[in-house]
file work_24.tsv (TSV, C-alpha atoms)
chain	number	residue	atom	x	y	z
W	1483	MET	CA	46.76	109.78	71.70
W	1484	ALA	CA	48.09	111.82	74.62
W	1485	THR	CA	49.31	109.85	77.60
W	1486	LYS	CA	47.15	109.77	80.73
W	1487	GLU	CA	50.25	109.63	82.85
W	1488	HIS	CA	50.90	112.76	84.92
W	1489	ARG	CA	54.43	114.07	84.75
W	1490	LEU	CA	56.07	116.81	86.78
W	1491	VAL	CA	57.55	119.64	84.77
W	1492	ASN	CA	59.95	122.52	85.19
W	1493	VAL	CA	59.54	125.94	83.64
W	1494	LEU	CA	62.87	127.73	83.41
W	1495	GLY	CA	64.30	130.71	81.61
W	1496	VAL	CA	65.74	129.90	78.18
W	1497	GLU	CA	69.51	130.13	78.19
W	1498	LYS	CA	71.81	131.14	75.36
W	1499	ASN	CA	72.72	127.58	74.34
W	1500	ASP	CA	69.05	126.52	74.29
W	1501	PHE	CA	68.48	128.51	71.10
W	1502	ASN	CA	70.36	125.90	69.07
W	1503	ARG	CA	67.79	123.33	70.17
W	1504	LEU	CA	64.81	125.59	69.51
W	1505	THR	CA	64.41	124.82	65.84
W	1506	VAL	CA	61.68	126.02	63.49
W	1507	LYS	CA	61.01	122.39	62.59
W	1508	ARG	CA	60.29	121.29	66.14
W	1509	HIS	CA	59.26	124.54	67.87
W	1510	SER	CA	57.55	126.23	64.90
W	1511	PHE	CA	59.22	129.66	65.09
W	1512	ASN	CA	62.61	131.28	64.95
W	1513	TRP	CA	62.97	131.94	68.68
W	1514	LYS	CA	66.39	133.51	68.26
W	1515	LYS	CA	64.66	136.56	66.81
W	1516	LEU	CA	63.00	137.14	70.18
W	1517	LYS	CA	66.23	136.90	72.15
W	1518	ASP	CA	66.30	140.65	72.77
W	1519	GLY	CA	63.37	142.45	74.31
W	1520	PHE	CA	61.43	139.38	75.44
W	1521	VAL	CA	61.64	137.00	78.34
W	1522	ILE	CA	61.51	133.42	77.08
W	1523	TYR	CA	60.72	130.37	79.19
W	1524	LYS	CA	60.92	126.69	78.31
W	1525	LEU	CA	58.99	123.76	79.72
W	1526	SER	CA	60.64	120.37	80.23
W	1527	LEU	CA	59.89	117.22	82.17
W	1528	ILE	CA	61.77	117.06	85.45
W	1529	GLY	CA	64.95	115.10	84.91
W	1530	ASP	CA	64.87	115.55	81.14
W	1531	ASP	CA	66.03	118.72	79.43
W	1532	ASP	CA	64.14	118.13	76.18
W	1533	ILE	CA	62.10	121.29	75.50
W	1534	LEU	CA	58.38	120.51	75.14
W	1535	GLY	CA	57.05	124.05	75.06
W	1536	VAL	CA	58.25	127.65	74.81
W	1537	ILE	CA	56.68	130.98	75.68
W	1538	ALA	CA	57.88	134.54	74.99
W	1539	LEU	CA	56.66	137.27	77.31
W	1540	LYS	CA	56.81	141.02	77.26
W	1541	TYR	CA	56.43	142.91	80.53
W	1542	TYR	CA	54.56	146.20	80.82
W	1543	PRO	CA	55.19	147.18	84.46
W	1544	PRO	CA	53.32	150.53	84.40
W	1545	GLU	CA	50.19	148.60	83.37
W	1546	GLU	CA	50.97	145.69	85.73
W	1547	ARG	CA	50.57	143.53	82.66
W	1548	THR	CA	52.48	140.74	80.94
W	1549	GLU	CA	51.73	139.97	77.32
W	1550	ILE	CA	52.20	136.55	75.76
W	1551	LYS	CA	53.86	137.34	72.46
W	1552	LEU	CA	54.42	133.81	71.30
W	1553	LEU	CA	53.83	130.29	72.52
W	1554	ALA	CA	54.47	126.93	70.88
W	1555	VAL	CA	54.48	123.33	71.99
W	1556	SER	CA	56.95	120.95	70.38
W	1557	ALA	CA	55.95	119.20	67.14
W	1558	GLU	CA	54.99	115.87	68.72
W	1559	ASN	CA	52.69	117.56	71.24
W	1560	LYS	CA	50.18	119.21	68.96
W	1561	GLY	CA	47.07	117.87	67.27
W	1562	LYS	CA	45.13	114.68	67.85
W	1563	ASN	CA	48.20	112.49	68.23
W	1564	LYS	CA	49.94	114.66	70.79
W	1565	ARG	CA	52.10	112.91	73.35
W	1566	TYR	CA	51.39	115.23	76.27
W	1567	GLU	CA	48.42	117.49	76.92
W	1568	ARG	CA	48.27	120.72	78.92
W	1569	ILE	CA	51.71	122.03	77.93
W	1570	ALA	CA	50.33	125.36	76.70
W	1571	GLY	CA	48.07	125.61	79.76
W	1572	CYS	CA	51.02	125.08	82.09
W	1573	LEU	CA	53.01	127.79	80.30
W	1574	ILE	CA	50.09	130.23	80.40
W	1575	ALA	CA	49.52	129.49	84.10
W	1576	PHE	CA	53.22	129.96	84.78
W	1577	ALA	CA	53.16	133.36	83.04
W	1578	GLY	CA	50.13	134.28	85.17
W	1579	ARG	CA	51.90	133.17	88.32
W	1580	GLU	CA	54.87	135.34	87.38
W	1581	ALA	CA	52.56	138.30	86.79
W	1582	ILE	CA	51.08	137.89	90.26
W	1583	ARG	CA	54.53	137.56	91.81
W	1584	ILE	CA	55.98	140.58	90.00
W	1585	TYR	CA	53.22	143.15	89.96
W	1586	GLY	CA	51.46	144.99	92.71
W	1587	ARG	CA	47.76	145.00	93.16
W	1588	TYR	CA	46.22	144.20	89.78
W	1589	PRO	CA	48.36	141.78	87.77
W	1590	CYS	CA	47.18	140.96	84.28
W	1591	LEU	CA	48.19	138.48	81.60
W	1592	SER	CA	47.13	139.24	78.04
W	1593	LEU	CA	47.53	138.09	74.47
W	1594	ILE	CA	46.41	139.26	71.06
W	1595	PRO	CA	44.64	136.30	69.49
W	1596	LYS	CA	44.26	135.32	65.88
W	1597	THR	CA	40.57	135.96	65.24
W	1598	GLU	CA	39.87	132.29	64.46
W	1599	LEU	CA	41.27	131.18	67.82
W	1600	LYS	CA	39.71	133.80	70.06
W	1601	GLU	CA	36.69	131.80	71.22
W	1602	HIS	CA	38.85	128.76	71.89
W	1603	TYR	CA	41.20	130.65	74.21
W	1604	ILE	CA	38.11	131.92	76.01
W	1605	SER	CA	36.58	128.47	76.44
W	1606	LYS	CA	39.84	126.64	77.14
W	1607	TYR	CA	41.52	129.09	79.55
W	1608	GLY	CA	38.62	131.25	80.70
W	1609	MET	CA	40.16	134.33	79.12
W	1610	ILE	CA	38.22	137.58	79.20
W	1611	ASP	CA	37.37	139.40	76.01
W	1612	GLY	CA	39.00	142.82	76.12
W	1613	GLY	CA	38.36	143.83	72.52
W	1614	TRP	CA	41.48	143.29	70.45
W	1615	GLN	CA	43.10	141.51	73.34
W	1616	LEU	CA	42.16	138.64	75.61
W	1617	TYR	CA	43.27	138.74	79.19
W	1618	LEU	CA	43.32	137.04	82.55
W	1619	GLU	CA	43.20	138.77	85.89
W	1620	ASP	CA	41.75	138.23	89.38
W	1621	ALA	CA	39.42	135.19	89.65
W	1622	PRO	CA	39.89	133.86	86.07
W	1623	LEU	CA	43.65	134.13	86.54
W	1624	PHE	CA	43.50	132.27	89.86
W	1625	ARG	CA	41.43	129.53	88.19
W	1626	VAL	CA	43.99	128.93	85.45
W	1627	ILE	CA	46.81	128.79	88.00
W	1628	ASN	CA	44.87	126.36	90.20
W	1629	GLU	CA	44.00	124.22	87.20
W	1630	TYR	CA	47.48	123.93	85.74
W	1631	LEU	CA	49.82	124.61	88.68
W	1632	PRO	CA	48.02	122.99	91.63
F	1242	MET	CA	55.69	124.75	59.01
F	1243	SER	CA	54.13	128.10	58.13
F	1244	ILE	CA	51.20	129.45	60.14
F	1245	LYS	CA	49.00	129.07	57.05
F	1246	LYS	CA	49.87	125.37	56.84
F	1247	LEU	CA	49.21	124.89	60.53
F	1248	PHE	CA	45.74	126.34	60.02
F	1249	GLU	CA	45.16	123.91	57.15
F	1250	GLN	CA	46.34	120.92	59.13
F	1251	TYR	CA	44.89	121.53	62.59
F	1252	SER	CA	41.51	122.64	63.93
F	1253	PRO	CA	41.27	126.04	65.66
F	1254	GLU	CA	40.71	124.23	68.95
F	1255	GLU	CA	43.89	122.19	68.52
F	1256	LEU	CA	45.83	125.31	67.59
F	1257	ALA	CA	44.59	127.21	70.66
F	1258	GLU	CA	45.84	124.27	72.76
F	1259	SER	CA	49.29	124.52	71.23
F	1260	PHE	CA	50.05	128.06	70.13
F	1261	VAL	CA	49.84	131.77	70.63
F	1262	PHE	CA	50.71	133.16	67.24
F	1263	PRO	CA	52.36	136.50	66.57
F	1264	VAL	CA	49.81	139.12	65.57
F	1265	LYS	CA	50.87	142.38	64.02
F	1266	LEU	CA	48.69	145.41	64.62
F	1267	THR	CA	49.01	148.80	62.99
F	1268	ALA	CA	49.89	151.69	65.28
F	1269	LYS	CA	46.25	152.75	65.27
F	1270	GLN	CA	45.04	149.23	66.12
F	1271	GLN	CA	47.66	148.94	68.85
F	1272	ARG	CA	46.45	152.19	70.41
F	1273	GLU	CA	42.88	151.00	70.18
F	1274	ALA	CA	43.81	147.65	71.72
F	1275	SER	CA	45.53	149.35	74.68
F	1276	GLU	CA	42.62	151.69	75.27
F	1277	GLN	CA	40.05	148.91	75.08
F	1278	LEU	CA	41.98	146.73	77.50
F	1279	ALA	CA	42.54	149.58	79.96
F	1280	LYS	CA	38.81	150.30	79.92
F	1281	HIS	CA	37.83	146.67	80.50
F	1282	ARG	CA	40.34	146.29	83.30
F	1283	ALA	CA	39.27	149.48	85.03
F	1284	LYS	CA	35.69	148.23	85.07
F	1285	ARG	CA	36.66	144.85	86.53
F	1286	ARG	CA	38.94	146.51	89.08
F	1287	ALA	CA	36.08	148.67	90.29
F	1288	GLU	CA	33.95	145.55	90.73
F	1289	MET	CA	36.63	143.50	92.46
F	1290	THR	CA	35.52	142.27	95.87
F	1291	GLU	CA	37.59	142.59	99.03
F	1292	ALA	CA	37.84	138.78	99.10
F	1293	GLU	CA	39.36	138.74	95.60
F	1294	LYS	CA	41.84	141.45	96.58
F	1295	LEU	CA	42.84	139.46	99.64
F	1296	ASN	CA	43.16	136.29	97.56
F	1297	LEU	CA	45.51	138.11	95.20
F	1298	ARG	CA	47.72	139.45	97.99
F	1299	LEU	CA	47.83	136.01	99.56
F	1300	LEU	CA	48.88	134.39	96.28
F	1301	GLN	CA	51.61	136.99	95.87
F	1302	LEU	CA	53.01	136.08	99.27
F	1303	LYS	CA	52.64	132.35	98.56
F	1304	PHE	CA	54.59	132.63	95.30
F	1305	ARG	CA	57.30	134.79	96.86
F	1306	LEU	CA	57.67	132.29	99.67
F	1307	GLU	CA	57.70	129.29	97.30
F	1308	ASP	CA	60.25	130.89	95.00
F	1309	TYR	CA	62.46	131.72	97.94
F	1310	ILE	CA	62.38	128.25	99.50
F	1311	THR	CA	62.98	126.49	96.19
F	1312	GLY	CA	65.68	128.92	95.03
F	1313	ASP	CA	69.41	128.53	95.65
F	1314	GLN	CA	69.97	131.90	97.27
F	1315	TYR	CA	69.87	132.45	101.00
F	1316	ASN	CA	68.69	135.87	102.16
F	1317	PRO	CA	69.21	136.54	105.87
F	1318	GLU	CA	66.28	138.97	105.83
F	1319	TYR	CA	63.81	136.35	104.65
F	1320	THR	CA	63.24	134.68	107.97
F	1321	PHE	CA	60.14	133.03	109.32
F	1322	GLY	CA	59.39	136.24	111.23
F	1323	TYR	CA	59.70	138.32	108.06
F	1324	PHE	CA	57.17	136.25	106.10
F	1325	LEU	CA	54.86	136.01	109.10
F	1326	GLU	CA	54.91	139.81	109.41
F	1327	GLN	CA	54.05	140.06	105.70
F	1328	TYR	CA	51.16	137.67	106.27
F	1329	LEU	CA	49.80	139.74	109.17
F	1330	GLN	CA	49.99	142.89	107.07
F	1331	LEU	CA	48.15	141.45	104.09
F	1332	ALA	CA	45.54	139.84	106.32
F	1333	ASN	CA	45.20	143.26	107.99
F	1334	ARG	CA	45.34	141.69	111.44
F	1335	LYS	CA	46.86	143.28	114.51
F	1336	LYS	CA	49.13	141.08	116.61
F	1337	LYS	CA	46.57	140.69	119.37
F	1338	GLU	CA	43.80	139.82	116.90
F	1339	PHE	CA	45.93	137.32	115.04
F	1340	ALA	CA	47.18	135.63	118.21
F	1341	GLY	CA	43.50	135.22	119.08
F	1342	ASP	CA	42.70	133.87	115.60
F	1343	ILE	CA	45.17	131.02	115.94
F	1344	GLN	CA	44.86	130.75	119.72
F	1345	ILE	CA	48.41	131.34	120.78
F	1346	HIS	CA	49.68	133.78	123.37
F	1347	GLU	CA	50.49	137.23	122.03
F	1348	THR	CA	53.99	136.97	123.51
F	1349	GLN	CA	54.59	133.75	121.57
F	1350	LEU	CA	53.52	135.51	118.39
F	1351	SER	CA	55.79	138.49	119.12
F	1352	GLN	CA	58.72	136.16	119.71
F	1353	MET	CA	58.07	134.36	116.43
F	1354	LEU	CA	57.83	137.65	114.58
F	1355	LYS	CA	61.25	138.59	115.98
F	1356	ASP	CA	62.64	135.13	115.20
F	1357	ARG	CA	63.33	134.53	118.87
F	1358	ARG	CA	61.10	131.50	119.00
F	1359	GLU	CA	60.44	128.76	116.47
F	1360	PRO	CA	56.92	127.74	115.61
F	1361	ASN	CA	55.98	124.15	116.30
F	1362	ASN	CA	54.07	121.96	113.84
F	1363	SER	CA	50.72	122.92	115.39
F	1364	VAL	CA	51.35	126.61	114.78
F	1365	MET	CA	52.37	125.95	111.17
F	1366	VAL	CA	49.20	123.95	110.58
F	1367	ARG	CA	47.12	126.73	112.16
F	1368	LEU	CA	48.79	129.19	109.77
F	1369	GLU	CA	47.83	126.95	106.86
F	1370	LEU	CA	44.22	126.79	108.05
F	1371	HIS	CA	44.09	130.53	108.69
F	1372	SER	CA	45.18	131.19	105.08
F	1373	ASN	CA	42.32	129.01	103.87
F	1374	ASN	CA	44.94	126.39	102.85
F	1375	ILE	CA	46.57	128.76	100.37
F	1376	ILE	CA	49.93	128.81	102.18
F	1377	PRO	CA	50.59	125.21	103.24
F	1378	ALA	CA	52.24	124.35	106.57
F	1379	VAL	CA	54.99	122.62	104.66
F	1380	SER	CA	56.04	125.95	103.07
F	1381	TRP	CA	56.53	127.46	106.53
F	1382	PHE	CA	58.41	124.31	107.53
F	1383	LYS	CA	60.71	124.49	104.51
F	1384	LEU	CA	61.40	128.15	105.21
F	1385	LEU	CA	62.65	127.23	108.69
F	1386	GLU	CA	64.58	124.34	107.22
F	1387	LYS	CA	66.32	126.68	104.77
F	1388	GLU	CA	67.43	128.94	107.62
F	1389	LYS	CA	68.71	125.99	109.60
F	1390	ALA	CA	70.51	124.49	106.60
F	1391	TYR	CA	72.30	127.80	106.03
F	1392	GLN	CA	73.30	128.08	109.68
F	1393	LEU	CA	74.59	124.51	109.67
F	1394	LYS	CA	76.50	125.05	106.46
F	1395	THR	CA	78.21	128.23	107.64
F	1396	ASP	CA	78.77	127.58	111.35
F	1397	LYS	CA	82.56	127.60	111.55
F	1398	SER	CA	82.74	127.77	115.33
F	1399	LEU	CA	80.65	124.59	115.62
F	1400	ARG	CA	83.05	122.87	113.24
F	1401	ASP	CA	86.03	124.04	115.29
F	1402	LYS	CA	84.36	122.84	118.48
F	1403	GLU	CA	83.31	119.45	117.11
F	1404	SER	CA	86.57	118.67	115.35
F	1405	ARG	CA	88.14	117.55	118.64
F	1406	TYR	CA	85.62	114.70	118.83
F	1407	VAL	CA	86.50	113.30	115.43
F	1408	THR	CA	89.53	111.10	114.85
F	1409	HIS	CA	90.69	108.91	111.98
F	1410	ASN	CA	88.91	111.09	109.49
F	1411	LEU	CA	89.20	109.78	105.97
F	1412	GLN	CA	92.25	110.87	104.07
F	1413	LEU	CA	91.40	111.50	100.47
F	1414	VAL	CA	93.55	112.73	97.64

call {"tool": "encode", "arguments": {"input": "work_24.tsv", "output": "structure tokens"}}
result
Amino acid sequence: MATKEHRLVNVLGVEKNDFNRLTVKRHSFNWKKLKDGFVIYKLSLIGDDDILGVIALKYYPPEERTEIKLLAVSAENKGKNKRYERIAGCLIAFAGREAIRIYGRYPCLSLIPKTELKEHYISKYGMIDGGWQLYLEDAPLFRVINEYLP
Amino acid sequence: MSIKKLFEQYSPEELAESFVFPVKLTAKQQREASEQLAKHRAKRRAEMTEAEKLNLRLLQLKFRLEDYITGDQYNPEYTFGYFLEQYLQLANRKKKEFAGDIQIHETQLSQMLKDRREPNNSVMVRLELHSNNIIPAVSWFKLLEKEKAYQLKTDKSLRDKESRYVTHNLQLV
């Protein structure tokens, strides 16, 4: 059961020596493979450098768009018995905040969903159906940021 | 754990709360995906209200300001006056109009924009209210604080001047 306790978190860029701690066993993917060509962020509790979630982003400045290429919460934070909730939401909101900060007038955050998960991203994060891709911009993007990064 | 196993072990809802999986598209699908998204976005953009556009610009300024005040770097250009000028521009308010909005004298506003006068707490709260609470007074306060901290940290002449008033300073190895 996830804790009801609210904890403050930090989202910071992944550094070179973090990759040794980002294991397939705990963080589901080989993050080292994304070292080049992607911007990777990690989420930790403030005052504790244990990595609870990771997100890999690809920027498309001419489109004013950031794409979430990969996201994973740590092993103990998924499923019914997760320790903390909202880790993925905080990472998605952070990526949206970055998109707003970086781009000009029409920032956009997108992802290509697995078909089975599409409707859940829509209901959970208010994502907009853009065909192959789901995306967040303007009011739906503001809502996610307000919800997860108040 | 492979993606297939994750799908066996967890519900789609649980997976959407924990992952964005890699999806490989063929070149044709990728092209299609880009075109579809561009089309959807263009439609939304055309329907975007002026209020939503303003909200977006305001959030951009808020995040820039927040990142600056929480970051380690000091930038002499990023003064209170600089961010206030940015705010006026995005709000599309002339100096006279804005001074009227927050009921201060236009001269006071001009002096703040040129960093020749510091805002008091009332002005910072009025700025917060004017932004519909998007940019909190405390962000303006911390911006001023950052400037002051830098000045205090780097003021050599003040240190030279004050050193004559300090005796028996601790001798450490």

call {"tool": "closest_residue", "arguments": {"input": "work_24.tsv", "among": "W:Glu1567, W:Asp1518, W:Glu1546, W:Asp1532", "to": "Arg1489 in chain W", "atoms": "all atoms listed in the file"}}
result
W:Glu1567

call {"tool": "residues_near_point", "arguments": {"input": "work_24.tsv", "point": "(58.0, 128.2, 115.3)", "cutoff": "12 Å", "atoms": "only C-alpha atoms", "output": "number ranges by chain"}}
result
F: 1320-1322, 1325, 1345, 1349-1368, 1378, 1381-1386

call {"tool": "write_last_selection", "arguments": {"input": "work_24.tsv", "atoms": "C-alpha atoms", "output": "PDB file, keeping the file's coordinate frame"}}
result
ATOM      1  CA  THR F1320      63.240 134.680 107.970  1.00  0.00           C
ATOM      2  CA  PHE F1321      60.140 133.030 109.320  1.00  0.00           C
ATOM      3  CA  GLY F1322      59.390 136.240 111.230  1.00  0.00           C
ATOM      4  CA  LEU F1325      54.860 136.010 109.100  1.00  0.00           C
ATOM      5  CA  ILE F1345      48.410 131.340 120.780  1.00  0.00           C
ATOM      6  CA  GLN F1349      54.590 133.750 121.570  1.00  0.00           C
ATOM      7  CA  LEU F1350      53.520 135.510 118.390  1.00  0.00           C
ATOM      8  CA  SER F1351      55.790 138.490 119.120  1.00  0.00           C
ATOM      9  CA  GLN F1352      58.720 136.160 119.710  1.00  0.00           C
ATOM     10  CA  MET F1353      58.070 134.360 116.430  1.00  0.00           C
ATOM     11  CA  LEU F1354      57.830 137.650 114.580  1.00  0.00           C
ATOM     12  CA  LYS F1355      61.250 138.590 115.980  1.00  0.00           C
ATOM     13  CA  ASP F1356      62.640 135.130 115.200  1.00  0.00           C
ATOM     14  CA  ARG F1357      63.330 134.530 118.870  1.00  0.00           C
ATOM     15  CA  ARG F1358      61.100 131.500 119.000  1.00  0.00           C
ATOM     16  CA  GLU F1359      60.440 128.760 116.470  1.00  0.00           C
ATOM     17  CA  PRO F1360      56.920 127.740 115.610  1.00  0.00           C
ATOM     18  CA  ASN F1361      55.980 124.150 116.300  1.00  0.00           C
ATOM     19  CA  ASN F1362      54.070 121.960 113.840  1.00  0.00           C
ATOM     20  CA  SER F1363      50.720 122.920 115.390  1.00  0.00           C
ATOM     21  CA  VAL F1364      51.350 126.610 114.780  1.00  0.00           C
ATOM     22  CA  MET F1365      52.370 125.950 111.170  1.00  0.00           C
ATOM     23  CA  VAL F1366      49.200 123.950 110.580  1.00  0.00           C
ATOM     24  CA  ARG F1367      47.120 126.730 112.160  1.00  0.00           C
ATOM     25  CA  LEU F1368      48.790 129.190 109.770  1.00  0.00           C
ATOM     26  CA  ALA F1378      52.240 124.350 106.570  1.00  0.00           C
ATOM     27  CA  TRP F1381      56.530 127.460 106.530  1.00  0.00           C
ATOM     28  CA  PHE F1382      58.410 124.310 107.530  1.00  0.00           C
ATOM     29  CA  LYS F1383      60.710 124.490 104.510  1.00  0.00           C
ATOM     30  CA  LEU F1384      61.400 128.150 105.210  1.00  0.00           C
ATOM     31  CA  LEU F1385      62.650 127.230 108.690  1.00  0.00           C
ATOM     32  CA  GLU F1386      64.580 124.340 107.220  1.00  0.00           C
TER      33      GLU F1386
END

call {"tool": "closest_residue", "arguments": {"input": "work_24.tsv", "among": "F:Asp1308, F:Glu1254, F:Glu1293, F:Glu1369", "to": "Asp1620 in chain W", "atoms": "all atoms listed in the file"}}
result
F:Glu1293

call {"tool": "residues_near_point", "arguments": {"input": "work_24.tsv", "point": "(44.3, 137.1, 74.7)", "cutoff": "7 Å", "atoms": "only C-alpha atoms", "output": "number ranges by chain"}}
result
W: 1592-1595, 1609, 1615-1617

call {"tool": "interface_residues", "arguments": {"input": "work_24.tsv", "of": "chain F", "to": "chain W", "cutoff": "8 Å", "atoms": "only C-alpha atoms", "output": "ChimeraX atom specification"}}
result
/F:1242-1243,1251,1253-1264,1273-1274,1277-1278,1281,1286,1289,1293-1294,1297-1298,1300-1302,1304-1305

call {"tool": "atom_distance", "arguments": {"input": "work_24.tsv", "atom1": "CA of Val1414 in chain F", "atom2": "CA of Asp1401 in chain F"}}
result
22.3 Å

call {"tool": "atom_distance", "arguments": {"input": "work_24.tsv", "atom1": "CA of Ala1577 in chain W", "atom2": "CA of Ala1332 in chain F"}}
result
25.3 Å

call {"tool": "residues_around", "arguments": {"input": "work_24.tsv", "residues": "Pro1632 in chain W", "least_positions_apart": "6", "cutoff": "12 Å", "atoms": "all atoms listed in the file", "output": "list in words"}}
result
Leu1490, Cys1572, Ala1575, Phe1576, Arg1579, Phe1624, Arg1625 and Val1626 of chain W; Ile1375 of chain F

call {"tool": "closest_residue", "arguments": {"input": "work_24.tsv", "among": "W:Pro1622, W:Leu1631, W:Tyr1542, W:Val1493", "to": "Asp1530 in chain W", "atoms": "all atoms listed in the file"}}
result
W:Val1493

call {"tool": "build_atoms", "arguments": {"input": "work_24.tsv", "residues": "range 1580-1596 of chain W", "atoms": "N, CA and C atoms", "output": "compact mmCIF listing (two decimals), in the frame of the given file"}}
result
# COMPACT_ATOMS: atom_id res chain seq x y z
N GLU W 1580 53.81 134.33 87.39
CA GLU W 1580 54.87 135.34 87.38
C GLU W 1580 54.29 136.75 87.48
N ALA W 1581 53.19 136.97 86.75
CA ALA W 1581 52.56 138.30 86.79
C ALA W 1581 52.11 138.63 88.21
N ILE W 1582 51.52 137.66 88.88
CA ILE W 1582 51.08 137.89 90.26
C ILE W 1582 52.28 138.16 91.16
N ARG W 1583 53.35 137.40 90.96
CA ARG W 1583 54.53 137.56 91.81
C ARG W 1583 55.19 138.93 91.59
N ILE W 1584 55.24 139.36 90.33
CA ILE W 1584 55.98 140.58 90.00
C ILE W 1584 55.21 141.86 90.30
N TYR W 1585 53.95 141.89 89.90
CA TYR W 1585 53.22 143.15 89.96
C TYR W 1585 52.52 143.36 91.29
N GLY W 1586 52.10 144.59 91.46
CA GLY W 1586 51.46 144.99 92.71
C GLY W 1586 50.05 144.48 92.88
N ARG W 1587 49.10 145.36 92.73
CA ARG W 1587 47.76 145.00 93.16
C ARG W 1587 46.90 144.34 92.08
N TYR W 1588 47.13 144.69 90.82
CA TYR W 1588 46.22 144.20 89.78
C TYR W 1588 46.95 143.55 88.60
N PRO W 1589 47.61 142.43 88.85
CA PRO W 1589 48.36 141.78 87.77
C PRO W 1589 47.45 141.28 86.65
N CYS W 1590 47.98 141.33 85.46
CA CYS W 1590 47.18 140.96 84.28
C CYS W 1590 48.07 140.22 83.28
N LEU W 1591 47.50 139.21 82.66
CA LEU W 1591 48.19 138.48 81.60
C LEU W 1591 47.34 138.60 80.34
N SER W 1592 47.95 139.03 79.24
CA SER W 1592 47.13 139.24 78.04
C SER W 1592 47.77 138.61 76.80
N LEU W 1593 47.00 138.51 75.76
CA LEU W 1593 47.53 138.09 74.47
C LEU W 1593 46.63 138.68 73.37
N ILE W 1594 47.22 138.83 72.21
CA ILE W 1594 46.41 139.26 71.06
C ILE W 1594 46.15 138.01 70.23
N PRO W 1595 44.90 137.57 70.16
CA PRO W 1595 44.64 136.30 69.49
C PRO W 1595 44.44 136.46 67.98
N LYS W 1596 44.73 135.40 67.27
CA LYS W 1596 44.26 135.32 65.88
C LYS W 1596 42.74 135.21 65.98
